[in-house]
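Here is the file target_6.txt (compact mmCIF, C-alpha atoms and all ligand atoms).
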# COMPACT_ATOMS: atom_id res chain seq x y z
CA SER A 1 60.37 83.67 -98.24
CA SER A 2 59.10 83.77 -94.67
CA GLU A 3 60.71 80.43 -93.81
CA THR A 4 62.84 80.53 -90.69
CA GLU A 5 65.44 78.35 -89.00
CA GLY A 6 62.66 76.67 -87.04
CA ASP A 7 60.99 75.85 -90.34
CA GLU A 8 64.19 74.17 -91.50
CA ALA A 9 64.17 71.94 -88.44
CA VAL A 10 60.54 71.10 -89.18
CA GLN A 11 61.39 70.21 -92.77
CA ALA A 12 64.18 67.96 -91.51
CA THR A 13 61.55 65.90 -89.69
CA ASN A 14 60.56 64.60 -93.11
CA ASP A 15 64.03 63.15 -93.66
CA ASP A 16 63.76 61.49 -90.29
CA ALA A 17 60.35 59.98 -91.09
CA SER A 18 61.63 58.76 -94.47
CA VAL A 19 64.66 57.07 -92.90
CA CYS A 20 62.44 55.32 -90.34
CA LYS A 21 59.94 54.18 -92.95
CA ARG A 22 62.77 52.89 -95.11
CA SER A 23 64.11 50.86 -92.17
CA ALA A 24 60.73 49.22 -91.59
CA VAL A 25 60.05 48.61 -95.29
CA GLN A 26 63.48 47.03 -95.72
CA LEU A 27 62.69 44.58 -92.92
CA GLY A 28 59.36 43.67 -94.52
CA TYR A 29 56.89 45.43 -92.19
CA TRP A 30 54.99 46.60 -95.24
CA ASN A 31 55.51 46.84 -98.94
CA ASP A 32 56.56 50.14 -100.50
CA PRO A 33 58.66 49.77 -103.63
CA PHE A 34 58.57 53.55 -104.23
CA LEU A 35 60.09 54.97 -101.05
CA GLN A 36 63.65 53.99 -102.03
CA TYR A 37 63.50 56.37 -105.00
CA PHE A 38 63.19 59.38 -102.69
CA MET A 39 66.29 58.55 -100.71
CA ARG A 40 70.02 58.52 -101.01
CA GLY A 41 72.56 56.98 -98.71
CA PRO A 42 72.69 53.74 -96.77
CA ILE A 43 69.66 52.13 -95.17
CA VAL A 44 69.69 52.73 -91.43
CA ARG A 45 68.25 50.01 -89.20
CA LYS A 46 66.03 51.51 -86.52
CA ALA A 47 65.05 49.98 -83.17
CA PRO A 48 62.21 47.42 -83.26
CA GLU A 49 59.88 49.79 -81.35
CA ILE A 50 60.38 52.47 -84.00
CA ASN A 51 59.77 50.02 -86.84
CA ARG A 52 56.61 48.73 -85.23
CA GLY A 53 55.45 52.26 -84.49
CA TYR A 54 55.81 53.28 -88.13
CA PHE A 55 54.11 50.06 -89.21
CA ALA A 56 51.05 50.80 -87.07
CA ARG A 57 50.97 54.40 -88.31
CA THR A 58 51.19 53.44 -91.98
CA PHE A 59 48.75 50.56 -91.59
CA GLY A 60 46.19 52.66 -89.70
CA ILE A 61 46.25 55.59 -92.09
CA TYR A 62 46.07 53.41 -95.20
CA LYS A 63 43.22 51.38 -93.75
CA LEU A 64 41.19 54.50 -92.94
CA ILE A 65 41.76 55.88 -96.41
CA LEU A 66 40.66 52.58 -97.98
CA LYS A 67 37.58 52.51 -95.75
CA THR A 68 36.69 56.03 -96.81
CA LEU A 69 37.09 55.16 -100.48
CA GLU A 70 34.95 52.07 -99.91
CA GLN A 71 32.29 54.11 -98.14
CA ILE A 72 32.14 56.60 -101.01
CA ALA A 73 32.20 53.84 -103.63
CA THR A 74 29.35 51.92 -102.09
CA SER A 75 27.10 54.83 -101.20
CA ASP A 76 24.06 55.47 -103.39
CA VAL A 77 25.11 58.96 -104.28
CA VAL A 78 27.24 59.44 -107.34
CA TYR A 79 29.01 62.67 -108.03
CA ILE A 80 28.05 64.25 -111.30
CA PRO A 81 29.56 67.57 -112.37
CA LYS A 82 27.68 70.65 -111.26
CA GLY A 83 24.33 71.37 -112.85
CA GLU A 84 23.24 67.78 -113.27
CA GLY A 85 22.59 67.08 -109.61
CA ASN A 86 22.99 63.77 -107.84
CA ARG A 87 21.53 60.62 -109.29
CA SER A 88 21.18 57.23 -107.76
CA ARG A 89 23.81 54.70 -108.73
CA SER A 90 21.38 52.27 -110.38
CA ASN A 91 20.61 54.51 -113.33
CA SER A 92 23.97 56.17 -113.69
CA VAL A 93 27.00 55.31 -115.75
CA CYS A 94 29.10 57.96 -114.07
CA GLU A 95 32.21 57.33 -112.11
CA THR A 96 32.44 58.60 -108.58
CA GLU A 97 35.32 61.00 -108.34
CA VAL A 98 37.31 61.55 -105.17
CA GLN A 99 40.19 63.87 -104.38
CA ILE A 100 42.99 63.29 -101.89
CA ILE A 101 45.03 66.16 -100.46
CA ASN A 102 48.14 65.22 -98.50
CA LEU A 103 49.16 68.15 -96.25
CA GLY A 104 52.84 68.27 -95.26
CA CYS A 105 53.36 65.26 -97.52
CA GLY A 106 57.15 65.13 -97.25
CA PHE A 107 58.29 62.17 -99.35
CA ASP A 108 55.14 60.16 -98.67
CA THR A 109 54.51 57.68 -101.49
CA LEU A 110 50.78 57.35 -100.90
CA TYR A 111 49.87 58.40 -104.46
CA TRP A 112 51.97 55.58 -105.93
CA ARG A 113 50.80 53.02 -103.39
CA LEU A 114 47.14 53.77 -104.07
CA LYS A 115 47.49 53.86 -107.84
CA ASN A 116 49.28 50.52 -107.85
CA ASP A 117 46.92 48.85 -105.39
CA ARG A 118 45.09 46.25 -107.45
CA ASN A 119 42.44 45.72 -104.79
CA ILE A 120 41.17 49.25 -105.23
CA ARG A 121 40.83 48.93 -108.97
CA GLU A 122 39.17 45.53 -108.79
CA ARG A 123 36.83 46.06 -105.88
CA TRP A 124 35.66 49.58 -106.55
CA SER A 125 36.06 50.06 -110.24
CA LYS A 126 33.60 52.95 -110.21
CA ILE A 127 35.69 55.11 -107.98
CA ARG A 128 38.37 57.31 -109.47
CA ILE A 129 40.87 59.45 -107.63
CA SER A 130 40.60 62.38 -109.99
CA SER A 131 43.17 64.52 -108.20
CA PHE A 132 45.84 63.60 -105.70
CA VAL A 133 47.61 66.67 -104.37
CA ASP A 134 50.85 66.60 -102.35
CA VAL A 135 51.51 69.82 -100.41
CA ASP A 136 54.63 70.89 -98.49
CA PHE A 137 57.08 73.79 -98.11
CA PRO A 138 58.68 74.69 -101.47
CA SER A 139 62.10 73.57 -100.19
CA THR A 140 60.66 70.07 -99.66
CA THR A 141 58.55 69.90 -102.82
CA MET A 142 61.61 71.00 -104.80
CA ARG A 143 63.37 67.84 -103.69
CA LYS A 144 60.31 65.67 -104.26
CA VAL A 145 59.86 67.06 -107.78
CA HIS A 146 63.55 66.47 -108.47
CA TYR A 147 63.38 62.80 -107.48
CA ILE A 148 60.23 62.17 -109.50
CA LYS A 149 61.47 63.91 -112.61
CA ASN A 150 64.57 61.72 -112.67
CA ASN A 151 62.98 58.38 -111.95
CA LYS A 152 61.36 56.17 -114.55
CA ALA A 153 59.47 53.99 -112.09
CA LEU A 154 57.87 57.01 -110.41
CA LEU A 155 57.10 58.64 -113.75
CA ALA A 156 55.53 55.44 -115.07
CA THR A 157 52.63 55.76 -112.62
CA LEU A 158 52.16 59.41 -113.54
CA ASN A 159 52.22 58.59 -117.23
CA ASN A 160 49.58 55.90 -117.02
CA ASP A 161 46.88 58.15 -118.33
CA ASP A 162 48.87 59.59 -121.24
CA GLY A 163 48.50 63.05 -119.78
CA GLU A 164 51.11 65.70 -120.18
CA ILE A 165 53.28 66.53 -117.20
CA SER A 166 54.37 70.07 -116.49
CA ILE A 167 57.21 70.48 -114.06
CA SER A 168 58.67 73.59 -112.50
CA LYS A 169 61.27 73.91 -109.76
CA PHE A 170 58.82 73.55 -106.87
CA GLU A 171 55.69 72.13 -108.47
CA LEU A 172 54.43 69.41 -110.72
CA ASN A 173 51.16 68.94 -112.57
CA ALA A 174 50.23 65.64 -114.17
CA PHE A 175 46.90 64.13 -115.20
CA ASP A 176 45.75 63.15 -111.71
CA TYR A 177 48.75 64.08 -109.56
CA HIS A 178 49.89 67.51 -108.40
CA ILE A 179 52.61 68.85 -106.15
CA ILE A 180 52.10 72.26 -104.56
CA GLY A 181 54.89 74.14 -102.78
CA THR A 182 53.44 76.48 -100.18
CA ASP A 183 53.45 77.32 -96.51
CA LEU A 184 50.22 75.92 -95.05
CA ARG A 185 50.12 78.88 -92.66
CA ASP A 186 49.41 81.09 -95.67
CA ILE A 187 45.79 80.11 -96.24
CA ASN A 188 45.20 82.45 -99.20
CA GLN A 189 48.11 81.07 -101.15
CA PHE A 190 47.17 77.50 -100.29
CA GLY A 191 43.58 78.11 -101.44
CA SER A 192 44.50 79.71 -104.73
CA LYS A 193 47.12 77.04 -105.49
CA LEU A 194 44.55 74.30 -104.89
CA ALA A 195 42.11 75.99 -107.26
CA ASN A 196 44.87 76.50 -109.83
CA CYS A 197 45.66 72.82 -110.04
CA GLY A 198 42.04 71.97 -110.74
CA VAL A 199 40.82 70.86 -107.33
CA LYS A 200 37.04 71.02 -107.16
CA PHE A 201 35.55 72.18 -103.89
CA ASP A 202 32.31 70.25 -104.37
CA LEU A 203 33.87 66.80 -104.83
CA PRO A 204 34.25 64.33 -101.95
CA THR A 205 37.76 65.00 -100.69
CA ILE A 206 40.03 63.19 -98.26
CA PHE A 207 42.61 65.27 -96.39
CA LEU A 208 45.59 63.69 -94.71
CA SER A 209 48.07 65.24 -92.30
CA GLU A 210 50.60 62.87 -90.84
CA CYS A 211 52.71 64.53 -88.14
CA VAL A 212 52.21 68.01 -89.60
CA LEU A 213 49.65 70.14 -87.72
CA VAL A 214 51.63 69.81 -84.49
CA TYR A 215 54.47 71.82 -86.05
CA MET A 216 52.14 74.73 -86.81
CA ASP A 217 51.16 77.34 -84.25
CA THR A 218 47.65 76.73 -82.94
CA LYS A 219 46.18 79.77 -84.66
CA SER A 220 47.44 78.71 -88.10
CA SER A 221 46.32 75.10 -87.82
CA ALA A 222 42.91 76.21 -86.54
CA THR A 223 42.57 78.61 -89.49
CA LEU A 224 43.55 75.83 -91.89
CA LEU A 225 41.05 73.34 -90.48
CA LYS A 226 38.29 75.92 -90.49
CA TRP A 227 39.03 76.98 -94.06
CA ILE A 228 38.97 73.36 -95.26
CA SER A 229 35.75 72.67 -93.39
CA GLU A 230 34.07 75.73 -94.91
CA HIS A 231 35.23 75.05 -98.47
CA PHE A 232 34.95 71.26 -98.70
CA ARG A 233 31.47 70.36 -97.52
CA THR A 234 31.91 66.66 -98.29
CA SER A 235 35.24 65.74 -96.83
CA LEU A 236 37.05 63.53 -94.38
CA PHE A 237 40.22 64.55 -92.57
CA VAL A 238 42.70 61.96 -91.27
CA ASN A 239 45.12 63.41 -88.74
CA TYR A 240 47.98 61.50 -87.15
CA GLU A 241 50.02 63.08 -84.39
CA GLN A 242 51.04 63.24 -80.76
CA VAL A 243 48.53 62.91 -77.92
CA ASN A 244 48.61 62.65 -74.11
CA MET A 245 51.50 65.09 -74.09
CA THR A 246 51.21 65.90 -70.41
CA ASP A 247 53.15 63.19 -68.57
CA ARG A 248 56.80 62.41 -67.90
CA PHE A 249 57.14 60.29 -71.07
CA ALA A 250 55.86 63.21 -73.13
CA GLU A 251 58.36 65.52 -71.48
CA VAL A 252 61.19 63.29 -72.69
CA MET A 253 59.73 63.23 -76.21
CA LEU A 254 59.55 67.03 -76.22
CA ASN A 255 63.09 67.42 -74.89
CA ASN A 256 64.43 65.18 -77.63
CA LEU A 257 62.80 67.38 -80.25
CA THR A 258 63.98 70.60 -78.62
CA MET A 259 67.55 69.32 -78.71
CA ARG A 260 67.15 69.02 -82.47
CA GLY A 261 65.91 72.61 -82.71
CA CYS A 262 62.34 71.54 -83.34
CA ARG A 263 59.37 72.97 -81.49
CA LEU A 264 55.93 71.42 -81.37
CA ALA A 265 54.16 74.76 -81.68
CA GLY A 266 50.76 73.09 -81.77
CA VAL A 267 51.22 70.76 -78.81
CA GLU A 268 48.32 72.42 -77.00
CA TYR A 269 45.96 70.37 -79.15
CA CYS A 270 47.77 67.19 -78.13
CA LYS A 271 46.81 67.09 -74.46
CA ASP A 272 44.44 64.19 -74.88
CA LEU A 273 41.95 62.66 -77.32
CA ALA A 274 39.34 65.22 -76.26
CA THR A 275 41.50 68.23 -77.28
CA GLN A 276 42.28 66.50 -80.57
CA LYS A 277 38.58 66.00 -81.25
CA ASN A 278 37.51 69.44 -80.08
CA ARG A 279 39.86 71.26 -82.42
CA PHE A 280 37.88 69.83 -85.36
CA LEU A 281 34.48 70.59 -83.85
CA GLU A 282 35.58 74.13 -83.05
CA ALA A 283 36.75 74.49 -86.66
CA GLY A 284 33.26 73.60 -87.86
CA TRP A 285 33.55 69.91 -88.71
CA SER A 286 30.32 67.94 -88.20
CA GLY A 287 31.78 64.97 -86.39
CA VAL A 288 35.06 63.42 -85.29
CA LYS A 289 36.50 60.21 -83.83
CA ALA A 290 39.94 59.57 -82.41
CA TRP A 291 41.95 56.58 -81.27
CA THR A 292 45.33 56.15 -79.59
CA MET A 293 47.78 53.98 -81.48
CA ASN A 294 47.24 51.23 -78.90
CA GLU A 295 43.64 51.09 -80.13
CA VAL A 296 44.78 51.23 -83.75
CA TYR A 297 47.23 48.38 -83.14
CA ALA A 298 44.53 46.31 -81.44
CA SER A 299 42.32 46.71 -84.53
CA ILE A 300 44.87 45.13 -86.88
CA PRO A 301 43.88 41.60 -87.97
CA MET A 302 45.53 38.81 -85.96
CA LYS A 303 47.23 37.32 -89.01
CA GLU A 304 48.92 40.60 -89.81
CA ILE A 305 50.01 41.06 -86.18
CA GLU A 306 51.48 37.56 -86.13
CA ARG A 307 53.37 38.27 -89.33
CA VAL A 308 54.93 41.55 -88.16
CA GLU A 309 55.64 40.38 -84.63
CA ALA A 310 57.70 37.54 -86.10
CA ILE A 311 59.97 40.00 -87.95
CA GLU A 312 61.91 41.17 -84.90
CA MET A 313 62.11 40.33 -81.22
CA LEU A 314 60.83 43.09 -78.99
CA ASP A 315 62.28 43.29 -75.49
CA GLU A 316 60.56 46.45 -74.42
CA HIS A 317 56.84 45.75 -74.73
CA GLU A 318 56.10 48.38 -72.12
CA LEU A 319 58.03 51.01 -74.08
CA LEU A 320 56.03 50.30 -77.24
CA LYS A 321 52.79 50.53 -75.28
CA GLN A 322 53.84 53.91 -73.92
CA LEU A 323 54.88 55.11 -77.34
CA PHE A 324 51.52 54.01 -78.80
CA ASP A 325 49.76 55.84 -76.01
CA HIS A 326 51.38 59.09 -77.15
CA TYR A 327 50.22 59.06 -80.76
CA CYS A 328 46.73 59.04 -82.17
CA ILE A 329 44.67 59.10 -85.33
CA ALA A 330 41.68 61.42 -85.53
CA VAL A 331 39.10 61.28 -88.30
CA ALA A 332 36.81 64.28 -88.84
CA TYR A 333 34.10 64.61 -91.47
CA ASN A 334 31.65 66.91 -93.20
CA ASP A 335 28.98 65.06 -95.09
CA ALA A 336 26.91 67.43 -97.23
CA MET A 337 26.37 64.70 -99.86
CA THR A 338 25.25 62.23 -97.17
CA LEU A 339 27.74 59.52 -98.01
CA SER A 340 27.56 58.18 -94.42
CA LEU A 341 31.11 59.30 -93.76
CA ASP A 342 30.33 59.02 -90.06
CA SER A 343 30.52 55.25 -90.43
CA VAL A 344 34.23 55.28 -91.33
CA GLU A 345 35.86 53.33 -88.49
CA LEU A 346 39.13 51.63 -87.73
N1 LIG B 401 53.63 63.47 -93.81
C1 LIG B 401 54.95 62.98 -94.08
C2 LIG B 401 55.15 61.63 -93.42
O1 LIG B 401 54.48 61.32 -92.46
O2 LIG B 401 56.03 60.90 -93.88
C3 LIG B 401 56.03 63.95 -93.56
C4 LIG B 401 55.97 64.19 -92.08
S1 LIG B 401 57.22 65.31 -91.47
C5 LIG B 401 57.27 64.81 -89.78
C6 LIG B 401 56.37 66.88 -91.39
C7 LIG B 401 56.18 67.53 -92.75
O3 LIG B 401 55.28 68.63 -92.62
C8 LIG B 401 57.49 68.07 -93.31
O4 LIG B 401 57.67 67.61 -94.62
C9 LIG B 401 57.28 69.58 -93.24
O5 LIG B 401 57.98 70.28 -94.24
C10 LIG B 401 55.76 69.70 -93.39
N2 LIG B 401 55.24 70.96 -92.85
C11 LIG B 401 55.23 71.35 -91.56
N3 LIG B 401 54.71 72.60 -91.44
C12 LIG B 401 54.38 72.98 -92.70
C13 LIG B 401 53.82 74.20 -93.23
N4 LIG B 401 53.52 75.24 -92.45
N5 LIG B 401 53.60 74.25 -94.55
C14 LIG B 401 53.91 73.20 -95.36
N6 LIG B 401 54.46 72.05 -94.92
C15 LIG B 401 54.69 71.94 -93.59

Would you mind writing the file's structure down as structure tokens?
Ligand code: SAM
Amino acid sequence: SSETEGDEAVQATNDDASVCKRSAVQLGYWNDPFLQYFMRGPIVRKAPEINRGYFARTFGIYKLILKTLEQIATSDVVYIPKGEGNRSRSNSVCETEVQIINLGCGFDTLYWRLKNDRNIRERWSKIRISSFVDVDFPSTTMRKVHYIKNNKALLATLNNDDGEISISKFELNAFDYHIIGTDLRDINQFGSKLANCGVKFDLPTIFLSECVLVYMDTKSSATLLKWISEHFRTSLFVNYEQVNMTDRFAEVMLNNLTMRGCRLAGVEYCKDLATQKNRFLEAGWSGVKAWTMNEVYASIPMKEIERVEAIEMLDEHELLKQLFDHYCIAVAYNDAMTLSLDSVEL
């Protein structure tokens, strides 16, 4: 394998993210009954700023994914397998199929959260997530596969459709859920593994990368984004990562990571919102929007803000503001099927 020591430090960032998410979930910031199954050891309580930061991140990403599903579900165009063309919804009995591909997934439980979200089933019964694909380094997927294989609650969601599950050391293939172990810098292997697990390039597809691209050298992440843009002509990409990495606060963030042996090889794209947006346009995406986490936080409904702000006292409001100013969500789209993906907003 071409994995290096630096890669190991990058993989360890997943354990860190999982521990932080667990802390926030335990305190009631959001509901995720599945995360606990991917973790061993005691629950660590993180600082209120960290908990709130992870809350905003999880809330923002989930909301944008729901909005994309809603946009696809309510558009007039219905996907019908190749050869039959697109028909208008009124005279079609077909379901709209969508794929979700989670790049650098770590132990993210998004598949289980979406599948068990009653709102989705009730509100948009015509939409079906035909393939959800989790992708990470083999050393991480090996652990994810191991946890799933040994857990009834996780398997129950996979088994819902009576499909067979095939499991190997690094990969898993179920009816609508797949785990791929690969290095995302190896675009040929990534592409062939996607095709092998039944991903269709002509279906509307949502890509997610949550704190992942920044760990890849700029050339590799640019190649990846370009390849996706060229192969998935109806797609939306949600990217969460660092931004405004040019000031004193950013310097401290970077030093902390360096001390843990971790390098943000792709930090060049994190200078500001403009560099984040340009990377997508340069990679051939049709359009892109981006918001700092302060903007994301401001978009959360008042009731929800009141609920989470009552969970813990926060002394350092200024610190949270600064933290939120150094992370962003970008949404890029290609819209060959004219699903009005440009209207997906916070
Ligand atoms: N997305 C998850 C989340 O937010 O909880 C995990 C985030 S963690 C900070 C970064 C993840 O990206 C790790 O699981 C790491 O292994 C993965 N990753 C980074 N570079 C990768 C690469 N070149 N190929 C595959 N996975 C990669």

(request) Quick one: everything within 6 Å of Tyr215 (chain A), counting only C-alpha atoms, minus sequence neighbours fewer than 6 positions away in the same chain. Send it as a PyMOL selection string. (result) chain A and resi 264-266

### Message
At a cut-off of 6 Å and counting all atoms listed in the file, what residues surround ligand LIG 401 (chain B)? Please answer as a ChimeraX atom specification.
### Response
/A:10-11,13-14,17,104-106,108,136-137,182-185,210-212,215-216

Across A:Asn256, A:Leu35, A:Ala56, A:Ser235, the smallest distance to Thr338 (chain A), with all atoms listed in the file counted, is shown by A:Ser235

Practice task
Could you check how far CA of Leu319 (chain A) sits from CA of Cys270 (chain A), in Å to one decimal?
Solution key: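 Separation of CA of Leu319 (chain A) and CA of Cys270 (chain A): 19.6 Å.
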
* Asked: Mind pulling up the distance from CA of Phe34 (chain A) to CA of Ala332 (chain A)?
  ->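 So the two atoms, CA of Ala332 (chain A) and CA of Phe34 (chain A), lie 28.7 Å apart.
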
A straight line from CA of Val267 (chain A) to CA of Met245 (chain A) spans 7.4 Å

From the list A:Gly163, A:Gly287, A:Pro42, A:Gly261, the nearest residue to Ser23 (chain A) using only C-alpha atoms is A:Pro42

Edge lengths and centre in Å to one decimal, as lines of an AutoDock Vina configuration file, is what I'm after for the box along x, y and z that holds all listed atoms of region 147-151 of chain A once 4 Å is added on each side.
center_x = 62.4
center_y = 61.1
center_z = -110.1
size_x = 12.3
size_y = 13.5
size_z = 13.2

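Comparing A:Thr218, A:Gln189, A:Thr109, A:Gln36 by their smallest distance to Phe132 (chain A), the closest is A:Thr109 (using all atoms listed in the file).
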
- Task: Excluding Lys126 (chain A) and residues on its chain fewer than 5 positions from it, collect all residues at most 7 Å away from it, counting only C-alpha atoms, and give them as a list in words.
- Result: Ala73, Glu95 and Thr96 of chain A

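Take the candidates A:Ile179, A:Asn278, A:Met142, A:Ala24 and check each one against Ile165 (chain A) using only C-alpha atoms; the shortest distance goes to A:Ile179.
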
Residues within 12 Å of Ala174 (chain A), all atoms listed in the file, excluding chain neighbours under 4 positions, as a ChimeraX atom specification: /A:130-134,145,148-149,155-168,178-180,197-198

Would you mind exporting the chosen residues as a tab-separated table (two decimals), in the frame of the given file, restricted to C-alpha atoms?
chain	number	residue	atom	x	y	z
A	130	SER	CA	40.60	62.38	-109.99
A	131	SER	CA	43.17	64.52	-108.20
A	132	PHE	CA	45.84	63.60	-105.70
A	133	VAL	CA	47.61	66.67	-104.37
A	134	ASP	CA	50.85	66.60	-102.35
A	145	VAL	CA	59.86	67.06	-107.78
A	148	ILE	CA	60.23	62.17	-109.50
A	149	LYS	CA	61.47	63.91	-112.61
A	155	LEU	CA	57.10	58.64	-113.75
A	156	ALA	CA	55.53	55.44	-115.07
A	157	THR	CA	52.63	55.76	-112.62
A	158	LEU	CA	52.16	59.41	-113.54
A	159	ASN	CA	52.22	58.59	-117.23
A	160	ASN	CA	49.58	55.90	-117.02
A	161	ASP	CA	46.88	58.15	-118.33
A	162	ASP	CA	48.87	59.59	-121.24
A	163	GLY	CA	48.50	63.05	-119.78
A	164	GLU	CA	51.11	65.70	-120.18
A	165	ILE	CA	53.28	66.53	-117.20
A	166	SER	CA	54.37	70.07	-116.49
A	167	ILE	CA	57.21	70.48	-114.06
A	168	SER	CA	58.67	73.59	-112.50
A	178	HIS	CA	49.89	67.51	-108.40
A	179	ILE	CA	52.61	68.85	-106.15
A	180	ILE	CA	52.10	72.26	-104.56
A	197	CYS	CA	45.66	72.82	-110.04
A	198	GLY	CA	42.04	71.97	-110.74

If you count all atoms listed in the file, the residue of A:Lys321, A:Arg279, A:Ser340, A:Val331 closest to Thr74 (chain A) turns out to be A:Ser340

Notebook entry, point to check: Given the choices A:Glu304, A:Glu230, A:Glu251, A:Glu70, which gets closest to Phe280 (chain A) if the distance is worked out from only C-alpha atoms?
Noted result: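 Using only C-alpha atoms, the shortest distance to Phe280 (chain A) belongs to A:Glu230.
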
Give me the residues near Trp30 (chain A) as JSON, numbers by chain, where near means some atom within 9 Å (using all atoms listed in the file) and where sequence neighbours in that chain fewer than 5 positions away do not count.
{"A": [24, 25, 55, 58, 59, 308]}

Discussion item. Can you tell me which residues surround Gly284 (chain A) at a distance of at most 9 Å, considering all atoms listed in the file, apart from same-chain residues fewer than 6 positions away, and format the answer as a ChimeraX atom specification?
Written reply: /A:225-226,229-230,334

Write a file for region 213-231 of chain A of the given structure; include N, CA and C atoms and format it as a PDB file, in the first residue's frame.
ATOM      1  N   LEU A 213     -11.101  16.860   1.904  1.00  0.00           N
ATOM      2  CA  LEU A 213     -10.287  17.379   0.786  1.00  0.00           C
ATOM      3  C   LEU A 213      -9.046  18.110   1.293  1.00  0.00           C
ATOM      4  N   VAL A 214      -9.176  18.785   2.418  1.00  0.00           N
ATOM      5  CA  VAL A 214      -8.078  19.588   2.951  1.00  0.00           C
ATOM      6  C   VAL A 214      -6.853  18.741   3.309  1.00  0.00           C
ATOM      7  N   TYR A 215      -7.069  17.438   3.517  1.00  0.00           N
ATOM      8  CA  TYR A 215      -5.946  16.548   3.826  1.00  0.00           C
ATOM      9  C   TYR A 215      -5.271  16.019   2.564  1.00  0.00           C
ATOM     10  N   MET A 216      -5.854  16.301   1.414  1.00  0.00           N
ATOM     11  CA  MET A 216      -5.266  15.827   0.153  1.00  0.00           C
ATOM     12  C   MET A 216      -4.460  16.950  -0.484  1.00  0.00           C
ATOM     13  N   ASP A 217      -3.365  16.591  -1.154  1.00  0.00           N
ATOM     14  CA  ASP A 217      -2.601  17.615  -1.861  1.00  0.00           C
ATOM     15  C   ASP A 217      -3.509  18.236  -2.925  1.00  0.00           C
ATOM     16  N   THR A 218      -3.219  19.490  -3.271  1.00  0.00           N
ATOM     17  CA  THR A 218      -4.140  20.246  -4.127  1.00  0.00           C
ATOM     18  C   THR A 218      -4.330  19.583  -5.497  1.00  0.00           C
ATOM     19  N   LYS A 219      -3.280  18.956  -5.993  1.00  0.00           N
ATOM     20  CA  LYS A 219      -3.392  18.330  -7.310  1.00  0.00           C
ATOM     21  C   LYS A 219      -4.386  17.160  -7.258  1.00  0.00           C
ATOM     22  N   SER A 220      -4.279  16.350  -6.218  1.00  0.00           N
ATOM     23  CA  SER A 220      -5.168  15.181  -6.105  1.00  0.00           C
ATOM     24  C   SER A 220      -6.616  15.588  -5.890  1.00  0.00           C
ATOM     25  N   SER A 221      -6.854  16.594  -5.050  1.00  0.00           N
ATOM     26  CA  SER A 221      -8.257  16.963  -4.820  1.00  0.00           C
ATOM     27  C   SER A 221      -8.832  17.624  -6.073  1.00  0.00           C
ATOM     28  N   ALA A 222      -7.997  18.380  -6.794  1.00  0.00           N
ATOM     29  CA  ALA A 222      -8.478  19.003  -8.035  1.00  0.00           C
ATOM     30  C   ALA A 222      -8.829  17.928  -9.068  1.00  0.00           C
ATOM     31  N   THR A 223      -7.974  16.899  -9.162  1.00  0.00           N
ATOM     32  CA  THR A 223      -8.240  15.794 -10.092  1.00  0.00           C
ATOM     33  C   THR A 223      -9.545  15.090  -9.727  1.00  0.00           C
ATOM     34  N   LEU A 224      -9.729  14.869  -8.429  1.00  0.00           N
ATOM     35  CA  LEU A 224     -10.946  14.192  -7.955  1.00  0.00           C
ATOM     36  C   LEU A 224     -12.198  14.993  -8.311  1.00  0.00           C
ATOM     37  N   LEU A 225     -12.161  16.293  -8.018  1.00  0.00           N
ATOM     38  CA  LEU A 225     -13.342  17.131  -8.294  1.00  0.00           C
ATOM     39  C   LEU A 225     -13.632  17.209  -9.790  1.00  0.00           C
ATOM     40  N   LYS A 226     -12.583  17.245 -10.574  1.00  0.00           N
ATOM     41  CA  LYS A 226     -12.753  17.328 -12.022  1.00  0.00           C
ATOM     42  C   LYS A 226     -13.341  16.021 -12.553  1.00  0.00           C
ATOM     43  N   TRP A 227     -12.817  14.919 -12.057  1.00  0.00           N
ATOM     44  CA  TRP A 227     -13.287  13.598 -12.500  1.00  0.00           C
ATOM     45  C   TRP A 227     -14.781  13.433 -12.164  1.00  0.00           C
ATOM     46  N   ILE A 228     -15.148  13.827 -10.950  1.00  0.00           N
ATOM     47  CA  ILE A 228     -16.556  13.699 -10.547  1.00  0.00           C
ATOM     48  C   ILE A 228     -17.431  14.579 -11.438  1.00  0.00           C
ATOM     49  N   SER A 229     -16.976  15.812 -11.662  1.00  0.00           N
ATOM     50  CA  SER A 229     -17.752  16.736 -12.474  1.00  0.00           C
ATOM     51  C   SER A 229     -17.941  16.215 -13.896  1.00  0.00           C
ATOM     52  N   GLU A 230     -16.903  15.577 -14.429  1.00  0.00           N
ATOM     53  CA  GLU A 230     -16.994  15.066 -15.810  1.00  0.00           C
ATOM     54  C   GLU A 230     -17.883  13.824 -15.900  1.00  0.00           C
ATOM     55  N   HIS A 231     -17.885  13.011 -14.851  1.00  0.00           N
ATOM     56  CA  HIS A 231     -18.603  11.733 -14.919  1.00  0.00           C
ATOM     57  C   HIS A 231     -20.027  11.785 -14.392  1.00  0.00           C
TER      58      HIS A 231
END
